[in-house]
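Here's the structure we're looking at; comments come further down.
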Amino acid sequence: MPSISEALSNHNLPTIRRYQRSVKKPDLRHIPGNTGFPILGNAHNLLFDFERYIEKNYQKHGNVFKFKSIATLGTEGVWLLGPEANRLVLQNEGRKFSNFLGWDIAFKGLFDNALLEQDFNHHKANRKILQTAFKKEAIQSHIEIMSPVLKQGINKWPTNKTYKSFTPLKELLLETGSKVFFGLESKKESAKLNKAFISIIYGIADPFKEKGPFFFPYAKGVQGRKIISDYIFANIHKRREKPGNDIFSQLCQMTDEHGTSLSDSDIRDQMLFVLFAAHDTTTSTLCSLLHAIANNQSWQSTLREEMNQFNGELPNYDDLAAMEKTSWTIKEALRMYPPLGVMPRYTIEEVEFGGYTIPANSQVMISALFSHYSKDYWSHPNYFDPLRFSPQRAEDKKDFFQYIPFGGGAHKCLGLHFAEVQGKIFLFHLLKNYRVESLSKDGQYRFRWVPLTFPSDGLPLKFKRL
Ligand code: HEM
């Protein structure tokens, strides 16, 4: 039988699943930490009290402590905090951490062959192929598709009254996504795929997965996956024959260095995942950006001035690249509110860190949140201050692993330029035409960190036409 490392490297799913069934829980008695309630573990802390939970445990135990979560169905795991931990896990020298086994708690059966779920050689080969969809030329064509959709969508939003803007924003990004990712024009077809896609997202958050009954979110997620899969399989041939500028068409055209195309099921697997990877993360980013500019009117005016330097109706790639204050603002929103507050991994070998031995087969978590608020790296980390990213201050440059909204190492986000470009186009169309205001008295962002960083109050804002 191949070793687990080999099985992961070849993405040998039956062997990996056999390994998961046979493996014993790790003994973590020597790791400090309070694992909360039976079964539920620290779920409550993670969902409702994440910042305080991390800070309190760090003060008490240092940067290694254990947890238990319903997401891991009562199995204990270990938090590793700080830039050194980020480096150890993300650089993954010696291939001691597995992505597949780490992310499987969320993705099982829904994204089994997603790029983020792949390890080592299999991942390396597929990432090389997929990178083409995120190169400059590809992004240029994405800009042309998404800019008019975002512009028209924002123009339809109600003005001069405060309303919860989270839902319209999410809908706008779904509409943008169906054009950029699938090249869909039919509203009926987009609505069907978007509905299926949302059920997959709920399925990811269902901790019971295949063990739950048919009416639980996971079972609906599996149905949603089938609907999108059927659409993809039915259209691959057409997109190979007559490609558009959308990401689906690009995946259908991609080949490796030997000229071999992605198989139909690879196209399906990567399409499904890229949709997921892009949607909630960018929704989260635009929510925190909106919150930040609504509560910082003078910085909002600064950004508007930057936007007004570009006269065109639809900014191009170079215009967007030149919006440097907007870049710092997006970076600051991602520092304060990284969409992915937690990144899971799984040890396939024993690992030494912070004076502890973490045994093989341990679920491990790192968090951007911790190093993004560390006073060792950031001045007044609780304040929104985009200038900290200016070349004069460059607060983000002290340690390569202090700032990880997009992860790092072999699995660093492939869509980071796409996300930045989308954020800039959104702000361009918004700020040139509207002022965003918040009624909040304390200026605090009300949100939850888990599963992704989303507003918990629907994000009440007012848009005033200029
Ligand atoms: C601001 C928005 C985004 C954030 C904060 C974000 C964050 C991340 C993070 C943290 C990872 C690595 C997770 C880990 O190592 O466990 C990741 C991976 C990935 N992201 Fe993003 N992402 C964003 C937008 C996007 C977009 C727009 C796309 C596609 C259009 C995308 C595609 C991917 C892919 C394909 C991977 C897997 C890379 C690999 O495993 O090699 N992301 N993202």
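By convention in this document, the chains of the structure tokens carry letters A, B, ... by their order, each chain's residues are numbered from 1, and ligands are numbered from 1 in the order they are shown.
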Kindly provide the residues of chain A that approach ligand 1 to within 7 Å, each paired with its closest atom pair and their distance in Å to one decimal, based on only C-alpha atoms and all ligand atoms, listed by chain and increasing number, as JSON lines.
{"residue": "A:Leu90", "atom": "CA", "partner": "ligand 1", "partner_atom_place_in_ligand_line": "15 (O)", "distance": 6.9}
{"residue": "A:Asn99", "atom": "CA", "partner": "ligand 1", "partner_atom_place_in_ligand_line": "16 (O)", "distance": 7.0}
{"residue": "A:Leu115", "atom": "CA", "partner": "ligand 1", "partner_atom_place_in_ligand_line": "40 (O)", "distance": 4.6}
{"residue": "A:Leu116", "atom": "CA", "partner": "ligand 1", "partner_atom_place_in_ligand_line": "40 (O)", "distance": 3.3}
{"residue": "A:Glu117", "atom": "CA", "partner": "ligand 1", "partner_atom_place_in_ligand_line": "40 (O)", "distance": 6.7}
{"residue": "A:Gln118", "atom": "CA", "partner": "ligand 1", "partner_atom_place_in_ligand_line": "40 (O)", "distance": 6.9}
{"residue": "A:His123", "atom": "CA", "partner": "ligand 1", "partner_atom_place_in_ligand_line": "41 (O)", "distance": 6.9}
{"residue": "A:Arg127", "atom": "CA", "partner": "ligand 1", "partner_atom_place_in_ligand_line": "41 (O)", "distance": 5.7}
{"residue": "A:Phe273", "atom": "CA", "partner": "ligand 1", "partner_atom_place_in_ligand_line": "35 (C)", "distance": 6.9}
{"residue": "A:Val274", "atom": "CA", "partner": "ligand 1", "partner_atom_place_in_ligand_line": "29 (C)", "distance": 5.1}
{"residue": "A:Leu275", "atom": "CA", "partner": "ligand 1", "partner_atom_place_in_ligand_line": "29 (C)", "distance": 6.8}
{"residue": "A:Ala277", "atom": "CA", "partner": "ligand 1", "partner_atom_place_in_ligand_line": "31 (C)", "distance": 4.6}
{"residue": "A:Ala278", "atom": "CA", "partner": "ligand 1", "partner_atom_place_in_ligand_line": "26 (C)", "distance": 3.6}
{"residue": "A:His279", "atom": "CA", "partner": "ligand 1", "partner_atom_place_in_ligand_line": "27 (C)", "distance": 6.8}
{"residue": "A:Thr281", "atom": "CA", "partner": "ligand 1", "partner_atom_place_in_ligand_line": "2 (C)", "distance": 4.4}
{"residue": "A:Thr282", "atom": "CA", "partner": "ligand 1", "partner_atom_place_in_ligand_line": "2 (C)", "distance": 4.4}
{"residue": "A:Thr285", "atom": "CA", "partner": "ligand 1", "partner_atom_place_in_ligand_line": "1 (C)", "distance": 5.4}
{"residue": "A:Leu334", "atom": "CA", "partner": "ligand 1", "partner_atom_place_in_ligand_line": "5 (C)", "distance": 6.8}
{"residue": "A:Pro338", "atom": "CA", "partner": "ligand 1", "partner_atom_place_in_ligand_line": "5 (C)", "distance": 6.0}
{"residue": "A:Pro339", "atom": "CA", "partner": "ligand 1", "partner_atom_place_in_ligand_line": "5 (C)", "distance": 5.1}
{"residue": "A:Leu340", "atom": "CA", "partner": "ligand 1", "partner_atom_place_in_ligand_line": "10 (C)", "distance": 5.7}
{"residue": "A:Met343", "atom": "CA", "partner": "ligand 1", "partner_atom_place_in_ligand_line": "16 (O)", "distance": 4.7}
{"residue": "A:Pro344", "atom": "CA", "partner": "ligand 1", "partner_atom_place_in_ligand_line": "16 (O)", "distance": 6.1}
{"residue": "A:Ile404", "atom": "CA", "partner": "ligand 1", "partner_atom_place_in_ligand_line": "10 (C)", "distance": 6.9}
{"residue": "A:Pro405", "atom": "CA", "partner": "ligand 1", "partner_atom_place_in_ligand_line": "5 (C)", "distance": 5.1}
{"residue": "A:Phe406", "atom": "CA", "partner": "ligand 1", "partner_atom_place_in_ligand_line": "10 (C)", "distance": 3.8}
{"residue": "A:Gly407", "atom": "CA", "partner": "ligand 1", "partner_atom_place_in_ligand_line": "10 (C)", "distance": 4.0}
{"residue": "A:Gly408", "atom": "CA", "partner": "ligand 1", "partner_atom_place_in_ligand_line": "15 (O)", "distance": 6.4}
{"residue": "A:Ala410", "atom": "CA", "partner": "ligand 1", "partner_atom_place_in_ligand_line": "41 (O)", "distance": 6.0}
{"residue": "A:His411", "atom": "CA", "partner": "ligand 1", "partner_atom_place_in_ligand_line": "41 (O)", "distance": 3.6}
{"residue": "A:Lys412", "atom": "CA", "partner": "ligand 1", "partner_atom_place_in_ligand_line": "12 (C)", "distance": 5.1}
{"residue": "A:Cys413", "atom": "CA", "partner": "ligand 1", "partner_atom_place_in_ligand_line": "18 (C)", "distance": 3.5}
{"residue": "A:Leu414", "atom": "CA", "partner": "ligand 1", "partner_atom_place_in_ligand_line": "33 (C)", "distance": 4.6}
{"residue": "A:Gly415", "atom": "CA", "partner": "ligand 1", "partner_atom_place_in_ligand_line": "28 (C)", "distance": 3.4}
{"residue": "A:Leu416", "atom": "CA", "partner": "ligand 1", "partner_atom_place_in_ligand_line": "24 (C)", "distance": 5.5}
{"residue": "A:Phe418", "atom": "CA", "partner": "ligand 1", "partner_atom_place_in_ligand_line": "27 (C)", "distance": 5.2}
{"residue": "A:Ala419", "atom": "CA", "partner": "ligand 1", "partner_atom_place_in_ligand_line": "27 (C)", "distance": 4.5}
{"residue": "A:Glu420", "atom": "CA", "partner": "ligand 1", "partner_atom_place_in_ligand_line": "1 (C)", "distance": 6.9}
Those residues you just picked out, can you put them in a file as a compact mmCIF listing (two decimals), in the first residue's frame with N, CA and C atoms?
# COMPACT_ATOMS: atom_id res chain seq x y z
N LEU A 90 2.61 27.22 5.95
CA LEU A 90 2.37 27.58 4.54
C LEU A 90 3.56 27.21 3.66
N ASN A 99 -3.02 19.62 2.74
CA ASN A 99 -4.19 20.46 2.48
C ASN A 99 -5.45 19.62 2.40
N LEU A 115 -8.31 22.52 -6.38
CA LEU A 115 -6.89 22.83 -6.28
C LEU A 115 -6.45 22.95 -4.81
N LEU A 116 -7.27 23.62 -4.02
CA LEU A 116 -6.91 23.82 -2.61
C LEU A 116 -6.89 22.50 -1.84
N GLU A 117 -7.58 21.49 -2.36
CA GLU A 117 -7.65 20.17 -1.71
C GLU A 117 -6.58 19.24 -2.25
N GLN A 118 -5.72 19.73 -3.12
CA GLN A 118 -4.71 18.84 -3.69
C GLN A 118 -3.39 19.04 -2.95
N HIS A 123 -0.91 18.67 -7.01
CA HIS A 123 -1.25 20.09 -6.90
C HIS A 123 -0.36 20.94 -7.80
N ARG A 127 -1.81 23.31 -10.66
CA ARG A 127 -1.71 24.76 -10.43
C ARG A 127 -1.04 25.42 -11.65
N PHE A 273 -14.76 24.84 -7.83
CA PHE A 273 -14.01 25.42 -6.72
C PHE A 273 -13.70 26.90 -6.93
N VAL A 274 -13.33 27.25 -8.16
CA VAL A 274 -12.98 28.65 -8.41
C VAL A 274 -14.20 29.54 -8.16
N LEU A 275 -15.37 29.04 -8.54
CA LEU A 275 -16.60 29.80 -8.25
C LEU A 275 -16.71 30.07 -6.76
N ALA A 277 -14.27 29.79 -4.45
CA ALA A 277 -13.12 30.54 -3.91
C ALA A 277 -13.30 32.03 -4.17
N ALA A 278 -13.94 32.35 -5.28
CA ALA A 278 -14.05 33.76 -5.65
C ALA A 278 -15.23 34.45 -4.98
N HIS A 279 -16.34 33.74 -4.85
CA HIS A 279 -17.56 34.47 -4.51
C HIS A 279 -17.62 35.01 -3.08
N THR A 281 -15.37 35.16 -0.76
CA THR A 281 -14.21 35.95 -0.34
C THR A 281 -14.33 37.39 -0.84
N THR A 282 -14.78 37.56 -2.10
CA THR A 282 -14.86 38.92 -2.62
C THR A 282 -16.08 39.65 -2.02
N THR A 285 -14.87 40.89 1.21
CA THR A 285 -13.95 42.03 1.06
C THR A 285 -14.72 43.31 0.76
N LEU A 334 -8.42 44.09 4.08
CA LEU A 334 -8.08 42.66 4.18
C LEU A 334 -7.22 42.36 5.42
N PRO A 338 -9.73 39.90 7.37
CA PRO A 338 -9.41 38.88 6.35
C PRO A 338 -10.61 37.94 6.16
N PRO A 339 -11.07 37.75 4.92
CA PRO A 339 -12.26 36.91 4.72
C PRO A 339 -12.11 35.51 5.30
N LEU A 340 -10.89 34.97 5.15
CA LEU A 340 -10.66 33.62 5.68
C LEU A 340 -9.87 33.75 6.98
N MET A 343 -7.25 28.96 8.50
CA MET A 343 -6.81 28.06 7.43
C MET A 343 -6.42 26.71 8.03
N PRO A 344 -7.14 25.66 7.66
CA PRO A 344 -6.87 24.35 8.25
C PRO A 344 -5.80 23.54 7.51
N ILE A 404 -1.28 37.67 5.75
CA ILE A 404 -1.58 36.48 4.93
C ILE A 404 -3.07 36.39 4.54
N PRO A 405 -3.69 37.51 4.09
CA PRO A 405 -5.10 37.37 3.70
C PRO A 405 -5.28 36.39 2.55
N PHE A 406 -4.24 36.26 1.72
CA PHE A 406 -4.32 35.34 0.58
C PHE A 406 -3.52 34.06 0.83
N GLY A 407 -3.20 33.79 2.08
CA GLY A 407 -2.40 32.61 2.39
C GLY A 407 -0.95 32.83 1.99
N GLY A 408 -0.25 31.76 1.62
CA GLY A 408 1.16 31.88 1.24
C GLY A 408 1.67 30.52 0.81
N ALA A 410 2.85 27.34 -1.48
CA ALA A 410 2.38 26.66 -2.71
C ALA A 410 0.91 26.91 -3.00
N HIS A 411 0.11 27.14 -1.95
CA HIS A 411 -1.34 27.29 -2.16
C HIS A 411 -1.79 28.75 -2.12
N LYS A 412 -0.86 29.68 -2.21
CA LYS A 412 -1.26 31.10 -2.15
C LYS A 412 -2.35 31.36 -3.19
N CYS A 413 -3.31 32.18 -2.81
CA CYS A 413 -4.49 32.43 -3.64
C CYS A 413 -4.12 32.75 -5.09
N LEU A 414 -4.76 32.03 -6.01
CA LEU A 414 -4.52 32.31 -7.43
C LEU A 414 -5.32 33.52 -7.89
N GLY A 415 -6.37 33.86 -7.13
CA GLY A 415 -7.27 34.92 -7.59
C GLY A 415 -6.98 36.28 -6.98
N LEU A 416 -5.78 36.48 -6.39
CA LEU A 416 -5.56 37.73 -5.66
C LEU A 416 -5.61 38.97 -6.56
N PHE A 418 -7.27 39.16 -9.43
CA PHE A 418 -8.68 39.24 -9.82
C PHE A 418 -9.46 39.97 -8.72
N ALA A 419 -9.23 39.57 -7.47
CA ALA A 419 -9.97 40.16 -6.34
C ALA A 419 -9.66 41.65 -6.23
N GLU A 420 -8.41 42.02 -6.40
CA GLU A 420 -8.04 43.44 -6.28
C GLU A 420 -8.70 44.25 -7.38
### Message
For the structure I just gave you, how does DSSP split region 161-206 of chain A - specifically, which residues are helix (DSSP H, G or I)? Reply as a ChimeraX atom specification.
### Response
/A:166-182,187-205
Same residues, C-alpha atoms, saved as an mmCIF file, in the first residue's frame:
data_model
loop_
_atom_site.group_PDB
_atom_site.id
_atom_site.type_symbol
_atom_site.label_atom_id
_atom_site.label_comp_id
_atom_site.auth_asym_id
_atom_site.auth_seq_id
_atom_site.Cartn_x
_atom_site.Cartn_y
_atom_site.Cartn_z
ATOM 1 C CA PHE A 166 -25.227 42.899 2.227
ATOM 2 C CA THR A 167 -27.914 41.130 0.166
ATOM 3 C CA PRO A 168 -27.847 43.475 -2.873
ATOM 4 C CA LEU A 169 -24.066 43.317 -2.858
ATOM 5 C CA LYS A 170 -24.071 39.519 -2.739
ATOM 6 C CA GLU A 171 -26.617 39.410 -5.581
ATOM 7 C CA LEU A 172 -24.562 41.825 -7.659
ATOM 8 C CA LEU A 173 -21.475 39.648 -7.248
ATOM 9 C CA LEU A 174 -23.423 36.514 -8.162
ATOM 10 C CA GLU A 175 -24.599 38.248 -11.332
ATOM 11 C CA THR A 176 -21.042 39.393 -12.098
ATOM 12 C CA GLY A 177 -19.769 35.878 -11.379
ATOM 13 C CA SER A 178 -22.226 34.184 -13.728
ATOM 14 C CA LYS A 179 -20.943 36.399 -16.568
ATOM 15 C CA VAL A 180 -17.220 36.263 -15.749
ATOM 16 C CA PHE A 181 -17.103 32.592 -14.825
ATOM 17 C CA PHE A 182 -19.727 31.087 -17.124
ATOM 18 C CA LYS A 187 -31.184 35.287 -16.381
ATOM 19 C CA LYS A 188 -33.090 32.024 -15.900
ATOM 20 C CA GLU A 189 -29.983 29.903 -16.300
ATOM 21 C CA SER A 190 -27.924 32.201 -14.015
ATOM 22 C CA ALA A 191 -30.636 32.059 -11.344
ATOM 23 C CA LYS A 192 -30.670 28.243 -11.497
ATOM 24 C CA LEU A 193 -26.884 27.938 -11.207
ATOM 25 C CA ASN A 194 -26.673 30.613 -8.497
ATOM 26 C CA LYS A 195 -29.282 28.789 -6.414
ATOM 27 C CA ALA A 196 -27.384 25.516 -6.818
ATOM 28 C CA PHE A 197 -24.145 27.276 -5.926
ATOM 29 C CA ILE A 198 -25.599 28.763 -2.724
ATOM 30 C CA SER A 199 -26.761 25.317 -1.613
ATOM 31 C CA ILE A 200 -23.165 24.065 -2.008
ATOM 32 C CA ILE A 201 -21.990 26.872 0.275
ATOM 33 C CA TYR A 202 -24.494 25.836 2.953
ATOM 34 C CA GLY A 203 -23.393 22.216 2.474
ATOM 35 C CA ILE A 204 -19.792 23.175 3.265
ATOM 36 C CA ALA A 205 -20.843 24.565 6.646
#
Per residue of region 212-326 of chain A within 12 Å of region 370-390 of chain A, note the shortest atom pair and the distance in Å to one decimal, counting only C-alpha atoms, and order the rows by chain and increasing residue number, as JSON lines.
{"residue": "A:Ser288", "atom": "CA", "partner": "A:Phe384", "partner_atom": "CA", "distance": 10.9}
{"residue": "A:Leu289", "atom": "CA", "partner": "A:Phe384", "partner_atom": "CA", "distance": 10.5}
{"residue": "A:His291", "atom": "CA", "partner": "A:Phe384", "partner_atom": "CA", "distance": 10.7}
{"residue": "A:Ala292", "atom": "CA", "partner": "A:Phe384", "partner_atom": "CA", "distance": 7.3}
{"residue": "A:Ile293", "atom": "CA", "partner": "A:Phe384", "partner_atom": "CA", "distance": 9.6}
{"residue": "A:Ala294", "atom": "CA", "partner": "A:Phe384", "partner_atom": "CA", "distance": 11.9}
{"residue": "A:Asn295", "atom": "CA", "partner": "A:Phe384", "partner_atom": "CA", "distance": 9.6}
{"residue": "A:Asn296", "atom": "CA", "partner": "A:Phe384", "partner_atom": "CA", "distance": 8.5}
{"residue": "A:Ser298", "atom": "CA", "partner": "A:Asp385", "partner_atom": "CA", "distance": 11.8}
{"residue": "A:Trp299", "atom": "CA", "partner": "A:Pro386", "partner_atom": "CA", "distance": 8.9}
{"residue": "A:Gln300", "atom": "CA", "partner": "A:Pro386", "partner_atom": "CA", "distance": 11.3}
{"residue": "A:Thr302", "atom": "CA", "partner": "A:Pro386", "partner_atom": "CA", "distance": 11.3}
{"residue": "A:Leu303", "atom": "CA", "partner": "A:Pro386", "partner_atom": "CA", "distance": 10.9}
{"residue": "A:Glu324", "atom": "CA", "partner": "A:Ser390", "partner_atom": "CA", "distance": 8.5}
{"residue": "A:Lys325", "atom": "CA", "partner": "A:Pro386", "partner_atom": "CA", "distance": 7.6}
{"residue": "A:Thr326", "atom": "CA", "partner": "A:Pro386", "partner_atom": "CA", "distance": 8.7}
Could you save those same residues with C-alpha atoms as an mmCIF file, in the first residue's frame?
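Result file follows (again_34.cif):
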data_model
loop_
_atom_site.group_PDB
_atom_site.id
_atom_site.type_symbol
_atom_site.label_atom_id
_atom_site.label_comp_id
_atom_site.auth_asym_id
_atom_site.auth_seq_id
_atom_site.Cartn_x
_atom_site.Cartn_y
_atom_site.Cartn_z
ATOM 1 C CA SER A 288 -15.575 45.376 4.857
ATOM 2 C CA LEU A 289 -14.471 47.976 2.297
ATOM 3 C CA HIS A 291 -17.984 49.571 6.082
ATOM 4 C CA ALA A 292 -14.516 51.150 6.212
ATOM 5 C CA ILE A 293 -15.165 53.959 3.726
ATOM 6 C CA ALA A 294 -18.641 54.709 5.130
ATOM 7 C CA ASN A 295 -17.071 55.281 8.527
ATOM 8 C CA ASN A 296 -14.039 57.228 7.249
ATOM 9 C CA SER A 298 -12.237 61.923 4.698
ATOM 10 C CA TRP A 299 -10.499 58.834 3.346
ATOM 11 C CA GLN A 300 -13.537 58.205 1.148
ATOM 12 C CA THR A 302 -9.307 60.930 -0.873
ATOM 13 C CA LEU A 303 -10.245 57.812 -2.819
ATOM 14 C CA GLU A 324 -2.365 53.125 -5.426
ATOM 15 C CA LYS A 325 -4.383 54.615 -2.538
ATOM 16 C CA THR A 326 -7.203 52.283 -3.466
#
### Message
Taking 6 positions as the minimum chain separation for residues in the same chain, which residues sit within 9 Å of region 2-5 of chain A when counting only C-alpha atoms? Answer as a VMD selection string.
### Response
chain A and resid 15 to 16 19 95 to 96 98 119 to 120 348
### Task
Can you work out the spacing between CA of Ala85 (chain A) and CA of Pro455 (chain A) in Å, to one decimal?
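A separation of 28.1 Å between them.
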### Message
Can you tell me which residues surround Tyr337 (chain A) at a distance of at most 10 Å, considering only C-alpha atoms, apart from same-chain residues fewer than 6 positions away, and format the answer as a VMD selection string?
### Response
chain A and resid 284 to 285 287 to 289 331 368 to 369 372 405 445 447 to 449 452 to 454
### Task
List every residue of region 227-375 of chain A that DSSP, applied to the backbone, labels as strand (DSSP E), and write the result as an MDAnalysis selection string.
chainID A and resid 343:347 351:353 356:358 363:366
How would the residues just chosen look if you wrote them out with C-alpha atoms as a compact mmCIF listing (two decimals), in the first residue's frame?
# COMPACT_ATOMS: atom_id res chain seq x y z
CA MET A 343 -6.81 28.06 7.43
CA PRO A 344 -6.87 24.35 8.25
CA ARG A 345 -4.13 21.78 7.69
CA TYR A 346 -3.39 18.24 8.89
CA THR A 347 -0.06 16.81 9.97
CA VAL A 351 6.02 18.46 13.77
CA GLU A 352 7.98 20.49 16.34
CA PHE A 353 6.77 24.00 17.07
CA TYR A 356 5.77 21.22 21.57
CA THR A 357 5.64 18.08 19.49
CA ILE A 358 2.48 18.04 17.39
CA GLN A 363 -5.85 18.86 12.65
CA VAL A 364 -3.98 22.16 12.73
CA MET A 365 -5.30 25.72 12.31
CA ILE A 366 -3.50 28.94 11.55
### Task
Would you mind reading off the distance between CA of Lys60 (chain A) and CA of Ile39 (chain A), one decimal, in Å?
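The value is 23.3 Å.
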### Neighbour list for Lys238 (chain A) as a list in words, cut-off 10 Å, only C-alpha atoms, skip fewer than 5 positions in-chain
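These residues fall inside the cut-off: Phe233, Pro243, Ser249 and Cys252 of chain A.
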### Message
Given only C-alpha atoms as the basis, pick out the residue of A:Ala219, A:Asn126, A:Phe65, A:Glu93 nearest to Lys108 (chain A).
### Response
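Residue with the minimum atom-to-atom distance to Lys108 (chain A): A:Ala219.
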